[in-house]
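One structure below.
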Amino acid sequence: MSASQSAVRSRAEAVKASRTFDWLICFTLFFVVLGGYHIHYMLTGGDWDFWTDWKDRRLWVTVAPIVAITFPAAVQAMLWWRYRLPFGAVLCILGLLLGEWINRYLNFWGWTYFPVNFVFPSNLMPGAIVLDVILMLSNSMVLTAVLGGLSFGLLFYPGNWPIIAPLHVPVEYNGMMMTLADLQGYHYVRTGTPEYIRMVEKGTLRTFGKDVAPVSAFFSGFMSILIYFIWHFFGQWFNKTDFVKSA
Amino acid sequence: MKLLKDKVAKLSFVALLATVTASMFYTPTAAAHGEKSQAAFMRMRTIHWFDLNWSKEEVPVNDTMTISGKFFVFSGWPETVDKPEISFLNIGIPGPVFIRAGSWIGGQLVPRSVSLELGETYDFKVLLKARRPGDWHVHTMLNVKGGGPIIGPGKWVTVTGSMKDFKNPITTLTGETIDLETYNLDNTYFWHAFWYALGLAWMGYWMKKPMFVPRSIAVESGKADSLISSTDRKVAMGFAAGTIAIVAMSMSTTNEKFPVTTPLQAGLLRGIKSIEMPVTSVAVKVEDATYRVPGRAMQMTLTITNNGDSAVRLGEFNTAGVRFLDSNVAQDETGYPDDLLAEEGLTVSDNSPLAPGQSRTVQVTASDAAWEVYRLADLIYDPDSRFAGLLFFYDEAGKRQLITIDAPLIPTFI
Ligand SMILES: [Cu+2]
């Protein structure tokens, strides 16, 4: 892997070339991850991320982290074991959120005129930062999966609460009580998303009474651990150099 | 080097394009013009909308209009469509050009899904508040779980003014009045920007250092541990601790600021009141029914028996929202959409008043371009070639009776 033999003539030039290479790789990786991750997340988390009246304390809390930890786990595996670069998860989330914001702003608001305060994406950054730091400090996939996966699930709801809490203030509307988020879903007509396909407040965690969000978050954390393992291995496999070596 | 650079640049550009395209991929369905492409039997044999009224044809932004009327949940509901046990009274408009300020079935507010019963008639009302200027086709619509959207008649309504004047004030149970159009927007932007910036700072910290080539060399020569310095560890711990602290703090300040919050409301509404329809005193038997393709006309032979105490005449045949009237008996005074109204589209071979106790067999022809325009004639290509509709009879006092018919239809091509 000596880059200084043919392409460049001096050490300074080699450093410069390597730096250019860094930027190009980062740029490409960012957008490739953005594209793949964005599509994956829209297909699996879709409506839960699109609408505030889907962002409940049971299913959204459970589903979003589980489907979101996939790409971060894989990209971490690529960047950490080969380069000891601990920003795989954050890179993914930066890409995903940029894609989501472009989509919400241009399509949901710009094209269809849904107010942005109804269609903004979920915040996944706190979990991603902690995931990266745990991998860096522990240098262990198992620890990252267990501690990081759990944190990723647990940090999701509190990390979003400052944004969605104002929408959970109750209103009385024509004799019925609902939250402002419910009212957004009712007011801003979605012909293609009838109310009955909304999957919120369903599940079997009834016995926990009103403290259902932490329970859902723990469950999500445990599932995230499993998904982390799978996608971390997937990332490692994808990152093998066997294909290059034989060539 | 130049070559490599060009290649990577090109690749990046392709990736960028692919990404932008991908993120443009999804837009919530906005168009509501599926009415004509919906299978004819769906429109004829599921929900019969009648007595519809669009209160205005032109509405300024912020003003309201209503769509009201009745719908009959057809007793001969097709086997292929799930029954409307879980259904939602929607409105067919291209996105939120109006907001749905209210919707009621049988006087009950229906922001959530409802359970409806076959053979029942319900009255409904939808209150719309104009939001975005333009000419919009406003349809009645009922979504049925397992059956899809059932689109009813649509009428063009013009919204005038400017969308930036639109306001949506709501008073919460905590006594605050907010504008739901922009409420919480700054807060959302703030937190998203804040966390995005923190993520960028973390990436920036590592991107400042040489990345791929030298680090890869170091890892491969067994010096991986030298790549993470003690400063790096401190910075990382700072980021993690800071993240957790900010999450905890912002959560508790949020709880202080919004002490009263409730979970999202969901669940099926049952026990929706239907209309008590008057007992009918007219009996109709469909002897046969044919659709003449070249003439765009449906012809049926009906045996009508009047069991009441007042003479009756047939005034209207209504199917899939298309109304065929005999103008001698019934006229429309509600401003029903032109394309769905055949004011003289109904011909009855003998439509003189049918006296009480009498029975008569008549030829009834319903003809109008609407058969073709609304692709109702496609019915003859359906697997179960049956038609259905509502007949309206009027007695001497002008009292109306509604009779449902449901019978096989035979096409004739000559
Ligand atoms: Cu239309």
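As shown in the structure tokens, the chain order sets the letters A, B, ...; within each chain, residues go from 1, and ligands are also counted from 1 in the order they appear.
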- Nearby residues (only C-alpha atoms) at most 10 Å from Ala289 (chain B), same-chain spacing under 5 positions excluded, as a ChimeraX atom specification: /B:298-302,363-365,386-387,407-411
Could the residues of region 190-275 of chain B that have an atom at most 6 Å from region 73-93 of chain A be listed as a Markdown table, each with its closest atom pair and the distance in Å to one decimal, counting only C-alpha atoms and ordered by chain and ascending residue number?
| residue | atom | partner | partner_atom | distance |
| --- | --- | --- | --- | --- |
| B:Gly199 | CA | A:Val90 | CA | 5.9 |
| B:Arg215 | CA | A:Tyr83 | CA | 5.1 |
| B:Ser216 | CA | A:Tyr83 | CA | 5.0 |
Could those selected residues go to a file with C-alpha atoms, as a PDB file, in the first residue's frame?
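Result file is out.pdb:
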ATOM      1  CA  GLY B 199     -22.886  15.570  14.869  1.00  0.00           C
ATOM      2  CA  ARG B 215      -4.711   5.243   9.092  1.00  0.00           C
ATOM      3  CA  SER B 216      -5.143   2.180   6.935  1.00  0.00           C
TER       4      SER B 216
END
- Task: Mind checking which residues fall within 8 Å of Val73 (chain B), counting only C-alpha atoms, ignoring those fewer than 4 positions away in the same chain, and posting them as a list of chain:residue names?
- Result: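 My list of contacting residues is B:Thr46, B:Ile47, B:His48, B:Trp77, B:Leu116, B:Glu117, B:Leu118, B:Gly119, B:Glu120, B:Thr121.
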- Query: What lies within 10 Å of Thr64 (chain B) using only C-alpha atoms, ignoring chain neighbours under 5 positions off, as a list of chain:residue names?
  - Reply: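 Final neighbour list, sorted by chain and number: B:Ser55, B:Lys56, B:Val59, B:Phe98, B:Ile99, B:Arg100, B:Ala101, B:Leu127, B:Leu128, B:Lys129, B:Ala130, B:Arg131.
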- Message: What does the structure give for the distance between CA of Lys145 (chain B) and CA of Met199 (chain A), in Å to one decimal?
- Response: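 We find that CA of Lys145 (chain B) and CA of Met199 (chain A) lie 13.2 Å from each other.
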List every residue of region 12-101 of chain A that has an atom at most 8 Å from any atom of region 156-177 of chain A, and for each one report the closest atom pair and its distance in Å to one decimal, counting only C-alpha atoms, with rows sorted by chain and then by increasing residue number, as a Markdown table.
| residue | atom | partner | partner_atom | distance |
| --- | --- | --- | --- | --- |
| A:Thr52 | CA | A:Ile164 | CA | 7.6 |
| A:Arg57 | CA | A:Tyr157 | CA | 7.9 |
| A:Val61 | CA | A:Tyr157 | CA | 6.1 |
| A:Pro65 | CA | A:Phe156 | CA | 6.9 |
Output of the above residues as a compact mmCIF listing (two decimals), in the first residue's frame, restricted to all heavy atoms:
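Result saved to selection_33.txt:
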# COMPACT_ATOMS: atom_id res chain seq x y z
N THR A 52 -46.51 13.54 12.65
CA THR A 52 -46.48 13.67 14.11
C THR A 52 -47.55 12.81 14.77
O THR A 52 -47.37 12.39 15.90
CB THR A 52 -46.69 15.12 14.54
OG1 THR A 52 -47.93 15.58 14.00
CG2 THR A 52 -45.56 16.01 14.08
N ARG A 57 -45.92 6.78 21.95
CA ARG A 57 -44.98 6.32 22.97
C ARG A 57 -44.79 4.81 22.94
O ARG A 57 -44.12 4.26 23.79
CB ARG A 57 -45.47 6.78 24.33
CG ARG A 57 -46.89 6.32 24.55
CD ARG A 57 -47.56 6.81 25.77
NE ARG A 57 -48.87 6.17 25.76
CZ ARG A 57 -49.61 5.98 26.84
NH1 ARG A 57 -49.19 6.40 28.00
NH2 ARG A 57 -50.77 5.39 26.75
N VAL A 61 -41.53 4.61 19.18
CA VAL A 61 -40.37 4.45 20.05
C VAL A 61 -39.70 3.11 19.81
O VAL A 61 -38.49 2.97 19.88
CB VAL A 61 -40.83 4.50 21.53
CG1 VAL A 61 -39.65 4.45 22.45
CG2 VAL A 61 -41.66 5.72 21.77
N PRO A 65 -35.80 3.16 16.36
CA PRO A 65 -34.40 2.80 16.63
C PRO A 65 -34.00 1.47 16.01
O PRO A 65 -32.89 1.32 15.50
CB PRO A 65 -34.33 2.72 18.16
CG PRO A 65 -35.48 3.51 18.65
CD PRO A 65 -36.55 3.35 17.62
- Query: Which of these residues is nearest to ligand 1, using only C-alpha atoms and all ligand atoms: B:Ala342, B:Val138, B:Val235, B:Val322?
  - Reply: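 Once distances to ligand 1 are computed over only C-alpha atoms and all ligand atoms, the minimum belongs to B:Val138.
Counting only C-alpha atoms and comparing B:Lys10, B:Arg43, B:Lys257, B:Arg400, the residue that lies closest to Thr174 (chain B) is B:Lys257.
Closest approach to Asn143 (chain B) from the set A:Ser224, A:Ser216, A:Thr191, A:Asn139 is made by A:Thr191, with distances taken over only C-alpha atoms.
The environment of Lys55 (chain A) within 9 Å, counting only C-alpha atoms and disregarding residues fewer than 6 places along the same chain, consists of Trp48, Asp49, Val61, Ser122, Ile164, Ala181 and Val200 of chain A; Leu264 of chain B.
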Please produce an output containing N, CA, C and O atoms for each residue in the selection, written as a PDB file, in the first residue's frame.
ATOM      1  N   TRP A  48     -44.128   6.281  10.391  1.00  0.00           N
ATOM      2  CA  TRP A  48     -43.828   6.655  11.776  1.00  0.00           C
ATOM      3  C   TRP A  48     -42.936   7.886  11.813  1.00  0.00           C
ATOM      4  O   TRP A  48     -42.963   8.655  12.754  1.00  0.00           O
ATOM      5  N   ASP A  49     -42.125   8.016  10.769  1.00  0.00           N
ATOM      6  CA  ASP A  49     -41.222   9.159  10.744  1.00  0.00           C
ATOM      7  C   ASP A  49     -41.854  10.365  10.050  1.00  0.00           C
ATOM      8  O   ASP A  49     -41.472  11.490  10.303  1.00  0.00           O
ATOM      9  N   VAL A  61     -41.532   4.606  19.177  1.00  0.00           N
ATOM     10  CA  VAL A  61     -40.375   4.447  20.054  1.00  0.00           C
ATOM     11  C   VAL A  61     -39.703   3.106  19.815  1.00  0.00           C
ATOM     12  O   VAL A  61     -38.492   2.973  19.883  1.00  0.00           O
ATOM     13  N   SER A 122     -37.623  12.362  12.662  1.00  0.00           N
ATOM     14  CA  SER A 122     -37.221  12.087  14.046  1.00  0.00           C
ATOM     15  C   SER A 122     -35.742  12.403  14.235  1.00  0.00           C
ATOM     16  O   SER A 122     -34.949  12.264  13.313  1.00  0.00           O
ATOM     17  N   ILE A 164     -41.333  16.892  20.296  1.00  0.00           N
ATOM     18  CA  ILE A 164     -42.728  16.459  20.129  1.00  0.00           C
ATOM     19  C   ILE A 164     -43.636  16.772  21.315  1.00  0.00           C
ATOM     20  O   ILE A 164     -44.854  16.786  21.162  1.00  0.00           O
ATOM     21  N   ALA A 181     -51.104  16.916  17.966  1.00  0.00           N
ATOM     22  CA  ALA A 181     -50.616  16.056  16.887  1.00  0.00           C
ATOM     23  C   ALA A 181     -51.774  15.324  16.202  1.00  0.00           C
ATOM     24  O   ALA A 181     -51.824  15.241  14.973  1.00  0.00           O
ATOM     25  N   VAL A 200     -50.667   3.309  16.046  1.00  0.00           N
ATOM     26  CA  VAL A 200     -50.201   3.926  17.285  1.00  0.00           C
ATOM     27  C   VAL A 200     -50.957   3.326  18.449  1.00  0.00           C
ATOM     28  O   VAL A 200     -52.060   2.798  18.290  1.00  0.00           O
TER      29      VAL A 200
ATOM     30  N   LEU B 264     -51.248  10.082  22.228  1.00  0.00           N
ATOM     31  CA  LEU B 264     -52.051  10.203  21.010  1.00  0.00           C
ATOM     32  C   LEU B 264     -53.347   9.420  21.191  1.00  0.00           C
ATOM     33  O   LEU B 264     -53.377   8.401  21.870  1.00  0.00           O
TER      34      LEU B 264
END
- Item | Test item, alpha helix (DSSP H) assignment across region 92-339 of chain B, answer as JSON, numbers by chain | {"B": [185, 186, 187, 188, 189, 190, 191, 192, 193, 194, 195, 196, 197, 198, 199, 200, 201, 202, 203, 204, 205, 206, 207, 212, 213, 214, 215, 216, 217, 218, 219, 220, 230, 231, 232, 233, 234, 235, 236, 237, 238, 239, 240, 241, 242, 243, 244, 245, 246, 247, 248, 249, 250, 251, 252, 253, 254, 255, 256, 257]}
- Find the residues around Gln184 (chain A) up to 8 Å (only C-alpha atoms counted), leave out those fewer than 6 positions away in its own chain, and share them as an NGL selection string. (:A and (52-53 or 118)) or (:B and (180))
- Task: Run DSSP on the backbone of this structure and report the residues of region 173-354 of chain B it assigns to strand (DSSP E or B), as a ChimeraX atom specification.
- Result: /B:177-179,269,275,282-292,297-306,312-319,322-325,341-342,346-348,354
- Contact residues around Thr144 (chain A) with only C-alpha atoms at 12 Å, ignoring same-chain residues under 5 positions, as a PyMOL selection string: chain A and resi 69+72-73+76-77+80+86+89+127-128+130-139+149-152+224-229+232
- Query: Given the choices B:Val282, B:Ile178, B:Arg45, B:Lys83, which gets closest to Pro356 (chain B) if the distance is worked out from only C-alpha atoms?
  - Reply: B:Val282
